[in-house]
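Structure file input_15.cif (mmCIF, C-alpha atoms) is printed below.
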```cif
data_input
loop_
_atom_site.label_atom_id
_atom_site.label_comp_id
_atom_site.auth_asym_id
_atom_site.auth_seq_id
_atom_site.Cartn_x
_atom_site.Cartn_y
_atom_site.Cartn_z
CA MET A 367 2.67 -26.40 11.54
CA GLU A 368 6.33 -26.85 10.69
CA CYS A 369 9.26 -27.18 13.06
CA VAL A 370 12.96 -27.02 12.31
CA ILE A 371 15.71 -27.66 14.85
CA TYR A 372 18.92 -25.70 14.23
CA GLN A 373 22.39 -26.52 15.53
CA GLU A 374 23.95 -23.20 16.57
CA ARG A 375 27.55 -24.36 16.22
CA THR A 376 27.35 -26.15 12.85
CA GLY A 377 24.35 -24.48 11.22
CA GLU A 378 22.83 -27.89 10.46
CA TYR A 379 19.09 -28.26 10.80
CA GLU A 380 16.58 -31.03 11.29
CA GLN A 381 13.05 -30.98 9.87
CA ILE A 382 10.36 -32.40 12.17
CA ASP A 383 7.74 -34.54 10.45
CA TYR A 384 4.54 -32.54 10.85
CA ARG A 385 2.32 -34.75 8.66
CA GLN A 386 0.54 -36.17 11.67
CA ALA A 387 -3.09 -36.40 12.72
CA ASP A 388 -2.60 -33.45 15.03
CA ALA A 389 -0.62 -31.47 12.37
CA GLY A 390 2.61 -32.53 14.01
CA CYS A 391 1.93 -30.69 17.27
CA GLN A 392 2.72 -33.66 19.49
CA ALA A 393 5.83 -34.55 17.49
CA THR A 394 7.00 -30.95 17.87
CA LEU A 395 6.38 -30.97 21.63
CA ASP A 396 8.23 -34.26 22.03
CA ARG A 397 11.24 -32.88 20.15
CA LEU A 398 11.20 -29.61 22.10
CA ALA A 399 11.35 -31.60 25.33
CA VAL A 400 14.80 -33.00 24.43
CA LEU A 401 16.42 -29.86 22.99
CA LYS A 402 20.13 -29.63 23.65
CA PRO A 403 21.74 -26.45 25.02
CA ASP A 404 23.27 -25.65 21.61
CA GLU A 405 20.00 -26.16 19.72
CA PHE A 406 16.99 -23.96 19.10
CA ALA A 407 13.68 -24.60 17.39
CA TRP A 408 11.87 -22.56 14.78
CA ILE A 409 8.15 -23.36 14.76
CA ARG A 410 6.13 -21.99 11.83
CA MET A 411 2.33 -21.83 11.99
CA ASP A 412 -0.06 -20.59 9.31
CA GLU A 413 -3.37 -19.14 10.54
CA PRO A 414 -3.57 -21.58 13.47
CA ARG A 415 -6.71 -22.41 15.39
CA GLN A 416 -7.10 -21.18 18.97
CA GLU A 417 -6.81 -24.69 20.43
CA GLU A 418 -3.71 -25.54 18.44
CA LEU A 419 -1.85 -22.38 19.42
CA GLN A 420 -3.12 -22.63 23.00
CA ARG A 421 -1.65 -26.11 23.34
CA LEU A 422 1.73 -25.03 22.02
CA GLY A 423 1.61 -21.77 23.98
CA GLU A 424 1.14 -23.57 27.27
CA TYR A 425 4.29 -25.60 26.64
CA LEU A 426 6.31 -22.55 25.56
CA ASP A 427 4.93 -20.47 28.45
CA LEU A 428 3.36 -17.85 26.18
CA HIS A 429 1.20 -15.21 27.81
CA PRO A 430 -2.56 -15.60 27.11
CA LEU A 431 -2.66 -12.05 25.69
CA ALA A 432 0.13 -12.93 23.27
CA ILE A 433 -1.78 -16.00 22.11
CA GLU A 434 -4.93 -13.91 21.66
CA ASP A 435 -3.03 -11.35 19.55
CA ALA A 436 -1.51 -14.08 17.40
CA VAL A 437 -4.89 -15.69 16.68
CA GLN A 438 -6.84 -12.52 15.97
CA ALA A 439 -4.17 -10.97 13.70
CA HIS A 440 -5.40 -7.39 13.86
CA GLN A 441 -2.36 -5.81 15.47
CA ARG A 442 -0.33 -2.77 14.60
CA PRO A 443 3.43 -3.37 14.34
CA LYS A 444 4.69 -3.58 17.91
CA GLN A 445 7.00 -5.39 20.31
CA GLU A 446 6.12 -6.56 23.80
CA ARG A 447 7.97 -8.47 26.46
CA TYR A 448 6.24 -11.31 28.33
CA GLY A 449 8.81 -12.58 30.83
CA ASP A 450 11.54 -14.33 28.85
CA VAL A 451 9.52 -14.17 25.62
CA LEU A 452 9.72 -11.26 23.19
CA ALA A 453 6.67 -10.81 20.91
CA VAL A 454 7.01 -8.80 17.70
CA ALA A 455 4.11 -8.07 15.35
CA VAL A 456 4.97 -7.14 11.76
CA LYS A 457 2.68 -6.36 8.81
CA THR A 458 3.39 -8.08 5.51
CA VAL A 459 2.74 -6.18 2.29
CA TRP A 460 2.54 -7.32 -1.31
CA PHE A 461 1.37 -5.64 -4.52
CA VAL A 462 -1.26 -7.27 -6.76
CA GLU A 463 -0.49 -6.12 -10.31
CA ARG A 464 -3.79 -7.31 -11.81
CA SER A 465 -5.90 -5.05 -9.59
CA ALA A 466 -3.18 -2.55 -8.56
CA ASP A 467 -4.01 -3.26 -4.91
CA VAL A 468 -1.70 -3.28 -1.92
CA GLU A 469 -2.61 -6.29 0.21
CA THR A 470 -1.49 -6.74 3.80
CA GLY A 471 -1.09 -9.63 6.18
CA GLU A 472 0.57 -10.17 9.54
CA VAL A 473 3.36 -12.18 11.11
CA MET A 474 3.81 -12.56 14.86
CA VAL A 475 7.29 -13.58 15.97
CA PHE A 476 7.85 -14.96 19.47
CA LEU A 477 11.43 -15.32 20.67
CA GLY A 478 12.30 -17.40 23.71
CA PRO A 479 15.62 -18.64 25.10
CA SER A 480 15.59 -21.73 22.88
CA PHE A 481 12.82 -21.23 20.35
CA ALA A 482 11.36 -18.92 17.74
CA LEU A 483 7.67 -19.17 16.91
CA THR A 484 6.17 -17.42 13.87
CA VAL A 485 2.43 -17.18 13.31
CA ARG A 486 1.42 -16.02 9.83
CA HIS A 487 -1.84 -14.59 8.51
CA GLY A 488 -2.44 -13.58 4.91
CA ALA A 489 -1.61 -14.90 1.45
CA ASP A 490 2.05 -13.88 1.52
CA ASP A 491 4.41 -16.14 3.46
CA PRO A 492 7.79 -14.51 4.21
CA THR A 493 8.89 -17.40 6.42
CA VAL A 494 9.59 -19.61 3.38
CA GLU A 495 12.16 -17.17 1.99
CA ALA A 496 13.49 -16.51 5.49
CA ALA A 497 14.07 -20.24 6.02
CA ARG A 498 15.87 -20.43 2.67
CA ARG A 499 18.17 -17.56 3.64
CA LEU A 500 19.01 -19.22 6.96
CA ALA A 501 19.78 -22.45 5.11
CA ASP A 502 22.13 -20.55 2.76
CA GLN A 503 23.79 -18.69 5.65
CA PRO A 504 24.47 -21.25 8.39
CA ASP A 505 26.66 -18.74 10.23
CA MET A 506 23.52 -16.75 11.10
CA THR A 507 22.10 -19.65 13.10
CA ARG A 508 25.01 -19.29 15.54
CA LEU A 509 23.29 -16.14 16.76
CA GLY A 510 20.42 -18.23 18.16
CA PRO A 511 16.65 -17.62 17.85
CA VAL A 512 17.22 -13.91 17.13
CA SER A 513 18.49 -14.95 13.69
CA VAL A 514 14.93 -15.98 12.84
CA LEU A 515 13.61 -12.52 13.75
CA HIS A 516 16.26 -10.94 11.55
CA ALA A 517 15.58 -13.26 8.62
CA VAL A 518 11.80 -12.71 8.75
CA THR A 519 11.98 -8.94 9.13
CA ASP A 520 14.63 -8.72 6.40
CA VAL A 521 12.36 -10.56 3.94
CA ILE A 522 9.35 -8.43 4.89
CA VAL A 523 11.25 -5.14 4.54
CA ASP A 524 12.60 -6.24 1.16
CA ALA A 525 9.00 -6.89 0.10
CA TYR A 526 8.14 -3.35 1.27
CA ALA A 527 10.75 -1.93 -1.10
CA GLU A 528 9.44 -4.01 -4.03
CA ALA A 529 5.85 -2.94 -3.37
CA ALA A 530 6.90 0.71 -3.10
CA ALA A 531 8.66 0.48 -6.49
CA GLN A 532 5.52 -0.97 -8.10
CA VAL A 533 3.33 1.72 -6.55
CA ARG A 534 5.78 4.33 -7.85
CA THR A 535 5.39 2.87 -11.37
CA ASP A 536 1.59 3.12 -11.15
CA LEU A 537 1.84 6.66 -9.83
CA THR A 538 4.13 7.69 -12.69
CA GLU A 539 1.58 6.33 -15.17
CA LEU A 540 -1.20 8.24 -13.42
CA GLU A 541 0.86 11.44 -13.57
CA ARG A 542 1.35 10.96 -17.30
CA CYS A 543 -2.40 10.53 -17.81
CA VAL A 544 -3.28 13.50 -15.60
CA PHE A 545 -1.06 15.90 -17.52
CA SER A 546 -1.88 14.52 -20.97
CA PRO A 547 -4.20 16.44 -23.36
CA ALA A 548 -6.87 13.73 -23.01
CA ARG A 549 -9.94 14.64 -21.00
CA ASP A 550 -10.25 11.49 -18.90
CA ASP A 551 -11.66 11.61 -15.39
CA LEU A 552 -9.04 9.82 -13.26
CA THR A 553 -10.36 10.86 -9.85
CA GLU A 554 -11.47 7.34 -8.91
CA GLN A 555 -8.14 5.76 -9.94
CA ILE A 556 -6.12 8.37 -8.03
CA TYR A 557 -8.23 8.03 -4.91
CA SER A 558 -8.06 4.23 -5.09
CA LEU A 559 -4.26 4.28 -5.32
CA LYS A 560 -4.07 6.81 -2.49
CA ARG A 561 -6.16 4.54 -0.29
CA GLU A 562 -3.76 1.68 -1.02
CA VAL A 563 -0.78 3.90 -0.17
CA VAL A 564 -2.42 4.85 3.14
CA GLU A 565 -2.78 1.16 3.97
CA PHE A 566 0.85 0.67 2.95
CA ARG A 567 1.93 3.59 5.15
CA ASP A 568 0.04 2.18 8.14
CA ALA A 569 2.06 -1.01 7.82
CA VAL A 570 5.49 0.59 7.37
CA GLN A 571 5.45 3.72 9.52
CA PRO A 572 4.69 2.10 12.94
CA LEU A 573 7.38 -0.54 12.33
CA VAL A 574 10.21 2.02 12.34
CA PRO A 575 10.14 2.70 16.13
CA VAL A 576 9.68 -1.05 16.69
CA MET A 577 12.89 -1.92 14.84
CA GLN A 578 15.08 0.90 16.13
CA PRO A 579 15.65 -0.63 19.63
CA PHE A 580 17.00 -3.76 17.93
CA THR A 581 19.95 -1.74 16.60
CA THR A 582 21.36 -1.05 20.07
CA ALA A 583 23.10 -3.42 22.47
CA ARG A 584 20.84 -5.77 24.45
CA ASP A 585 21.84 -8.04 27.30
CA ASP A 586 19.93 -11.02 25.91
CA TRP A 587 21.23 -10.76 22.32
CA PRO A 588 24.71 -11.35 20.87
CA ARG A 589 26.38 -8.14 19.73
CA GLN A 590 27.16 -9.68 16.34
CA VAL A 591 23.49 -9.38 15.35
CA LEU A 592 23.34 -5.59 15.74
CA PRO A 593 24.81 -4.69 12.31
CA TYR A 594 22.26 -6.92 10.63
CA PHE A 595 19.37 -5.18 12.34
CA ARG A 596 20.91 -1.79 11.53
CA ASP A 597 20.88 -2.80 7.88
CA VAL A 598 17.21 -3.85 8.05
CA THR A 599 16.26 -0.66 9.88
CA ASP A 600 18.10 1.44 7.30
CA HIS A 601 16.17 -0.22 4.46
CA LEU A 602 12.95 0.21 6.41
CA THR A 603 13.60 3.91 6.99
CA ARG A 604 14.25 4.47 3.29
CA THR A 605 11.04 2.69 2.40
CA ASP A 606 9.13 4.71 4.99
CA THR A 607 10.45 7.92 3.43
CA GLU A 608 9.47 6.63 -0.02
CA VAL A 609 5.94 5.78 1.09
CA ARG A 610 5.51 9.19 2.73
CA ALA A 611 6.67 10.83 -0.50
CA LEU A 612 4.23 8.71 -2.53
CA ASP A 613 1.39 9.73 -0.23
CA ASP A 614 2.24 13.43 -0.53
CA LEU A 615 2.73 13.18 -4.28
CA LEU A 616 -0.61 11.43 -4.72
CA ALA A 617 -2.31 14.24 -2.81
CA SER A 618 -0.66 16.75 -5.17
CA VAL A 619 -1.67 14.72 -8.23
CA LEU A 620 -5.25 14.57 -6.99
CA ASP A 621 -5.29 18.34 -6.44
CA ALA A 622 -3.80 18.92 -9.90
CA HIS A 623 -6.37 16.64 -11.51
CA LEU A 624 -9.27 18.33 -9.71
CA ALA A 625 -7.91 21.70 -10.82
CA LYS A 626 -7.74 20.38 -14.38
CA VAL A 627 -11.33 19.12 -14.17
CA GLY A 628 -12.35 22.59 -12.94
CA THR A 629 -10.57 24.12 -15.94
CA TRP A 630 -12.46 21.78 -18.26
CA GLN A 631 -15.73 22.86 -16.71
CA ASN A 632 -14.81 26.52 -17.06
CA ASP A 633 -13.91 25.98 -20.72
CA ASP A 634 -17.24 24.26 -21.31
CA MET A 635 -19.14 27.07 -19.60
CA ARG A 636 -17.31 29.69 -21.68
CA ARG A 637 -18.15 27.85 -24.90
CA ILE A 638 -21.79 27.54 -23.87
CA SER A 639 -21.92 31.21 -22.91
CA ALA A 640 -20.25 32.26 -26.17
CA TRP A 641 -22.68 30.29 -28.33
CA ALA A 642 -25.59 31.58 -26.28
CA ALA A 643 -24.41 35.16 -26.92
CA ILE A 644 -24.00 34.45 -30.64
CA CYS A 645 -27.51 33.02 -30.86
CA ALA A 646 -28.92 35.93 -28.86
CA ILE A 647 -28.61 38.46 -31.75
CA PRO A 648 -30.69 36.46 -34.30
CA THR A 649 -33.14 35.63 -31.53
CA MET A 650 -33.47 39.30 -30.59
CA VAL A 651 -34.01 40.49 -34.18
CA ALA A 652 -36.44 37.66 -34.95
CA GLY A 653 -38.25 38.37 -31.68
CA ILE A 654 -38.66 42.06 -32.48
CA TYR A 655 -40.03 41.46 -35.95
CA GLY A 656 -42.16 38.62 -34.76
CA MET A 657 -44.33 40.86 -32.59
CA ASN A 658 -46.61 41.51 -35.61
CA PHE A 659 -47.51 45.13 -34.87
CA SER A 660 -49.21 46.96 -37.73
CA HIS A 661 -46.84 49.92 -37.79
CA MET A 662 -43.27 48.63 -37.70
CA PRO A 663 -40.39 50.10 -39.73
CA GLU A 664 -39.31 48.38 -42.90
CA LEU A 665 -42.18 45.89 -42.99
CA ASP A 666 -43.18 47.03 -46.47
CA TRP A 667 -39.61 47.57 -47.71
CA ARG A 668 -38.60 45.24 -50.52
CA TYR A 669 -35.17 44.49 -49.01
CA GLY A 670 -36.29 44.36 -45.38
CA TYR A 671 -36.12 40.56 -45.08
CA PRO A 672 -32.65 40.16 -46.62
CA CYS A 673 -31.44 43.13 -44.54
CA ALA A 674 -32.68 41.51 -41.30
CA LEU A 675 -30.91 38.28 -42.18
CA ALA A 676 -27.73 40.20 -42.97
CA VAL A 677 -27.87 42.00 -39.62
CA MET A 678 -28.31 38.66 -37.82
CA ALA A 679 -25.39 37.08 -39.70
CA LEU A 680 -23.15 40.11 -39.26
CA GLY A 681 -23.80 40.37 -35.51
CA ALA A 682 -23.31 36.64 -34.98
CA GLY A 683 -20.14 36.70 -37.10
CA LEU A 684 -18.62 39.61 -35.19
CA LEU A 685 -19.30 37.92 -31.86
CA TYR A 686 -17.89 34.62 -33.14
CA ARG A 687 -14.71 36.40 -34.29
CA ALA A 688 -14.34 38.17 -30.93
CA PHE A 689 -14.87 34.99 -28.88
CA ARG A 690 -12.54 33.02 -31.15
CA ARG A 691 -9.81 35.64 -30.76
CA ASN A 692 -10.14 35.52 -26.94
CA GLY A 693 -9.97 31.72 -26.82
CA TRP A 694 -13.56 31.13 -25.79
CA LEU A 695 -14.30 28.99 -28.84
#
```
Rewrite the structure of this file - the entire thing - as structure tokens.
Amino acid sequence: MECVIYQERTGEYEQIDYRQADAGCQATLDRLAVLKPDEFAWIRMDEPRQEELQRLGEYLDLHPLAIEDAVQAHQRPKQERYGDVLAVAVKTVWFVERSADVETGEVMVFLGPSFALTVRHGADDPTVEAARRLADQPDMTRLGPVSVLHAVTDVIVDAYAEAAAQVRTDLTELERCVFSPARDDLTEQIYSLKREVVEFRDAVQPLVPVMQPFTTARDDWPRQVLPYFRDVTDHLTRTDTEVRALDDLLASVLDAHLAKVGTWQNDDMRRISAWAAICAIPTMVAGIYGMNFSHMPELDWRYGYPCALAVMALGAGLLYRAFRRNGWL
């Protein structure tokens, strides 16, 4: 647990010492009890235990359902109002280059009149960068706890754009391989990337309707914050469009690759059929003269054997020439 107290007028902040036996929970509660009217607290928790969040939630008057959602961390992007507290669930996304996987986590943001509480799950921690941005822009803290929601969502949406660019790079490489002369089966790689894009889409797409209400005037928010949320929503919408395009393009690439695999199989079958037809003439001639009947034409002829071989070679050669001309060989 980490807690920072921000001065709205000056932008100055105070770090609470959380290196305590109870992870700083009691120190945080003691400091929250003496908050001034022009101060607000940002409490950051990473994968908290039920008891730890329950203790803090009772002091902040969080709804039990909100606490349950924050602990379980299996929520779709959403926003809910519990009295004076606004709860916003956002999925975090990051791209793992080594395995070409799109990993997801979750951040729950709770906004109250004088506090912001973020609960993070997953390897990626956007709150660190968000805290740095607030420290570099002290004017944002004058907007109150809502500045924390903007900073966190801004960092997460920026990460969406970076992940989308990396997925686009992988998709471009797959397209190059699919349409290259090489006969490599890329079905598994395409399907694996498509599955990652679907997971990416499930994180981005539901967040768009969650963020859109933040771009309009609200009674409990300063009007100065609206342009900032419009900017975040605009970036989010562009990323959502990009992810949808990646999903559609991957489906087209998969169809093109499967069509190419079908073409390879047809080519192989034509080659096999052509060689089978070529071998059929010598087999037929040899089969006829291998029946060993007593009265068969040309059995006693001196040039019968060479003539039979010539017929076999000529027939096979004519078929080979015909198949070669038609592109079967």
Within 12 Å of Pro575 in chain A using all atoms listed in the file, minus same-chain residues under 5 positions, as an MDAnalysis selection string: chainID A and resid 442:445 456 570 580:581 599:600 602:603 606
Go through the shown structure with the PyMOL selection byres ((chain A and resi 682) around 9) and write out the matching residues as a CSV table (one decimal) with C-alpha atoms, in the frame of the given file.
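Writing done, so here's out04.csv:
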```csv
chain,number,residue,atom,x,y,z
A,643,ALA,CA,-24.4,35.2,-26.9
A,644,ILE,CA,-24.0,34.4,-30.6
A,645,CYS,CA,-27.5,33.0,-30.9
A,646,ALA,CA,-28.9,35.9,-28.9
A,647,ILE,CA,-28.6,38.5,-31.8
A,648,PRO,CA,-30.7,36.5,-34.3
A,677,VAL,CA,-27.9,42.0,-39.6
A,678,MET,CA,-28.3,38.7,-37.8
A,679,ALA,CA,-25.4,37.1,-39.7
A,680,LEU,CA,-23.2,40.1,-39.3
A,681,GLY,CA,-23.8,40.4,-35.5
A,683,GLY,CA,-20.1,36.7,-37.1
A,684,LEU,CA,-18.6,39.6,-35.2
A,685,LEU,CA,-19.3,37.9,-31.9
A,686,TYR,CA,-17.9,34.6,-33.1
A,687,ARG,CA,-14.7,36.4,-34.3
```
Contacts of range 415-426 of chain A within 8 Å, all atoms listed in the file, excl. fewer than 2 positions in-chain, as a PyMOL selection string: chain A and resi 391+395+413+428-429+433+437
Of the listed residues A:Val651, A:Ala407, A:Val609, A:Leu540, that which approaches Glu562 in chain A most closely, counting all atoms listed in the file: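 Among the listed residues, A:Val609 lies closest to Glu562 in chain A.
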Length of the CA of Asp536 in chain A to CA of Glu463 in chain A vector [Å]: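 Rounded to one decimal, the two atoms are 9.5 Å apart.
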Evaluating the PyMOL selection byres ((chain A and resi 516) around 12) on the displayed file yields which residues, as a short mmCIF file (atom, residue, chain, number, x, y, z; two decimals) with C-alpha atoms, in the coordinates of the input?
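Everything below was put into expr08.cif:
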```
data_model
loop_
_atom_site.label_atom_id
_atom_site.label_comp_id
_atom_site.auth_asym_id
_atom_site.auth_seq_id
_atom_site.Cartn_x
_atom_site.Cartn_y
_atom_site.Cartn_z
CA VAL A 454 7.01 -8.80 17.70
CA VAL A 456 4.97 -7.14 11.76
CA VAL A 475 7.29 -13.58 15.97
CA LEU A 477 11.43 -15.32 20.67
CA ALA A 482 11.36 -18.92 17.74
CA PRO A 492 7.79 -14.51 4.21
CA THR A 493 8.89 -17.40 6.42
CA ALA A 496 13.49 -16.51 5.49
CA ALA A 497 14.07 -20.24 6.02
CA ARG A 499 18.17 -17.56 3.64
CA LEU A 500 19.01 -19.22 6.96
CA MET A 506 23.52 -16.75 11.10
CA THR A 507 22.10 -19.65 13.10
CA LEU A 509 23.29 -16.14 16.76
CA GLY A 510 20.42 -18.23 18.16
CA PRO A 511 16.65 -17.62 17.85
CA VAL A 512 17.22 -13.91 17.13
CA SER A 513 18.49 -14.95 13.69
CA VAL A 514 14.93 -15.98 12.84
CA LEU A 515 13.61 -12.52 13.75
CA ALA A 517 15.58 -13.26 8.62
CA VAL A 518 11.80 -12.71 8.75
CA THR A 519 11.98 -8.94 9.13
CA ASP A 520 14.63 -8.72 6.40
CA VAL A 521 12.36 -10.56 3.94
CA ILE A 522 9.35 -8.43 4.89
CA VAL A 523 11.25 -5.14 4.54
CA ASP A 524 12.60 -6.24 1.16
CA MET A 577 12.89 -1.92 14.84
CA PHE A 580 17.00 -3.76 17.93
CA THR A 581 19.95 -1.74 16.60
CA TRP A 587 21.23 -10.76 22.32
CA GLN A 590 27.16 -9.68 16.34
CA VAL A 591 23.49 -9.38 15.35
CA LEU A 592 23.34 -5.59 15.74
CA PRO A 593 24.81 -4.69 12.31
CA TYR A 594 22.26 -6.92 10.63
CA PHE A 595 19.37 -5.18 12.34
CA ARG A 596 20.91 -1.79 11.53
CA ASP A 597 20.88 -2.80 7.88
CA VAL A 598 17.21 -3.85 8.05
CA THR A 599 16.26 -0.66 9.88
#
```
Hits from the PyMOL selection byres ((chain A and resi 491) around 12), listed as an mmCIF file with C-alpha atoms, keeping the file's coordinate frame:
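Saved to result18.cif:
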```cif
data_model
loop_
_atom_site.group_PDB
_atom_site.id
_atom_site.type_symbol
_atom_site.label_atom_id
_atom_site.label_comp_id
_atom_site.auth_asym_id
_atom_site.auth_seq_id
_atom_site.Cartn_x
_atom_site.Cartn_y
_atom_site.Cartn_z
ATOM 1 C CA ARG A 410 6.130 -21.990 11.830
ATOM 2 C CA MET A 411 2.330 -21.830 11.990
ATOM 3 C CA ASP A 412 -0.060 -20.590 9.310
ATOM 4 C CA GLU A 413 -3.370 -19.140 10.540
ATOM 5 C CA LYS A 457 2.680 -6.360 8.810
ATOM 6 C CA THR A 458 3.390 -8.080 5.510
ATOM 7 C CA VAL A 459 2.740 -6.180 2.290
ATOM 8 C CA TRP A 460 2.540 -7.320 -1.310
ATOM 9 C CA THR A 470 -1.490 -6.740 3.800
ATOM 10 C CA GLY A 471 -1.090 -9.630 6.180
ATOM 11 C CA GLU A 472 0.570 -10.170 9.540
ATOM 12 C CA VAL A 473 3.360 -12.180 11.110
ATOM 13 C CA MET A 474 3.810 -12.560 14.860
ATOM 14 C CA THR A 484 6.170 -17.420 13.870
ATOM 15 C CA VAL A 485 2.430 -17.180 13.310
ATOM 16 C CA ARG A 486 1.420 -16.020 9.830
ATOM 17 C CA HIS A 487 -1.840 -14.590 8.510
ATOM 18 C CA GLY A 488 -2.440 -13.580 4.910
ATOM 19 C CA ALA A 489 -1.610 -14.900 1.450
ATOM 20 C CA ASP A 490 2.050 -13.880 1.520
ATOM 21 C CA PRO A 492 7.790 -14.510 4.210
ATOM 22 C CA THR A 493 8.890 -17.400 6.420
ATOM 23 C CA VAL A 494 9.590 -19.610 3.380
ATOM 24 C CA GLU A 495 12.160 -17.170 1.990
ATOM 25 C CA ALA A 496 13.490 -16.510 5.490
ATOM 26 C CA ALA A 497 14.070 -20.240 6.020
ATOM 27 C CA VAL A 518 11.800 -12.710 8.750
ATOM 28 C CA THR A 519 11.980 -8.940 9.130
ATOM 29 C CA VAL A 521 12.360 -10.560 3.940
ATOM 30 C CA ILE A 522 9.350 -8.430 4.890
ATOM 31 C CA ALA A 525 9.000 -6.890 0.100
#
```
One-decimal distance in Å that lies between CA of Phe476 in chain A and CA of Phe406 in chain A: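 Taking CA of Phe406 in chain A and CA of Phe476 in chain A, their separation equals 12.8 Å.
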Point-to-point distance from CA of Ala652 in chain A to CA of Arg636 in chain A, Å rounded to tenths: 24.6 Å
Could you make a table, as JSON lines, of the residues of range 431-503 of chain A that have an atom within 12 Å of an atom of range 541-555 of chain A, each with its nearest atom pair and distance in Å to one decimal, counting all atoms listed in the file, in chain and number order?
```
{"residue": "A:Ser465", "atom": "CA", "partner": "A:Gln555", "partner_atom": "CA", "distance": 11.0}
{"residue": "A:Ala466", "atom": "CA", "partner": "A:Gln555", "partner_atom": "CA", "distance": 9.8}
{"residue": "A:Asp467", "atom": "CA", "partner": "A:Gln555", "partner_atom": "CA", "distance": 11.1}
```
Nearest to Gly449 in chain A, chosen from A:Gly478, A:Ala674, A:Val468, A:Gln631, with all atoms listed in the file counted in the distances: A:Gly478
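Compared by their closest atoms to Ser558 in chain A, and using only C-alpha atoms, the residues A:Glu368, A:Asp404, A:Asp613, A:Glu374 rank with A:Asp613 nearest.
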Contacts of Tyr557 in chain A at 10 Å (only C-alpha atoms; same-chain gap of 5+ positions) as a VMD selection string: chain A and resid 552 562 to 563 616 to 617 619 to 620
Given all atoms listed in the file as the counted atoms, nearest of A:Ser639, A:Thr538, A:Gln578, A:Gln392 to Leu612 in chain A: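 Checking each candidate against Leu612 in chain A, we get A:Thr538 as the closest.
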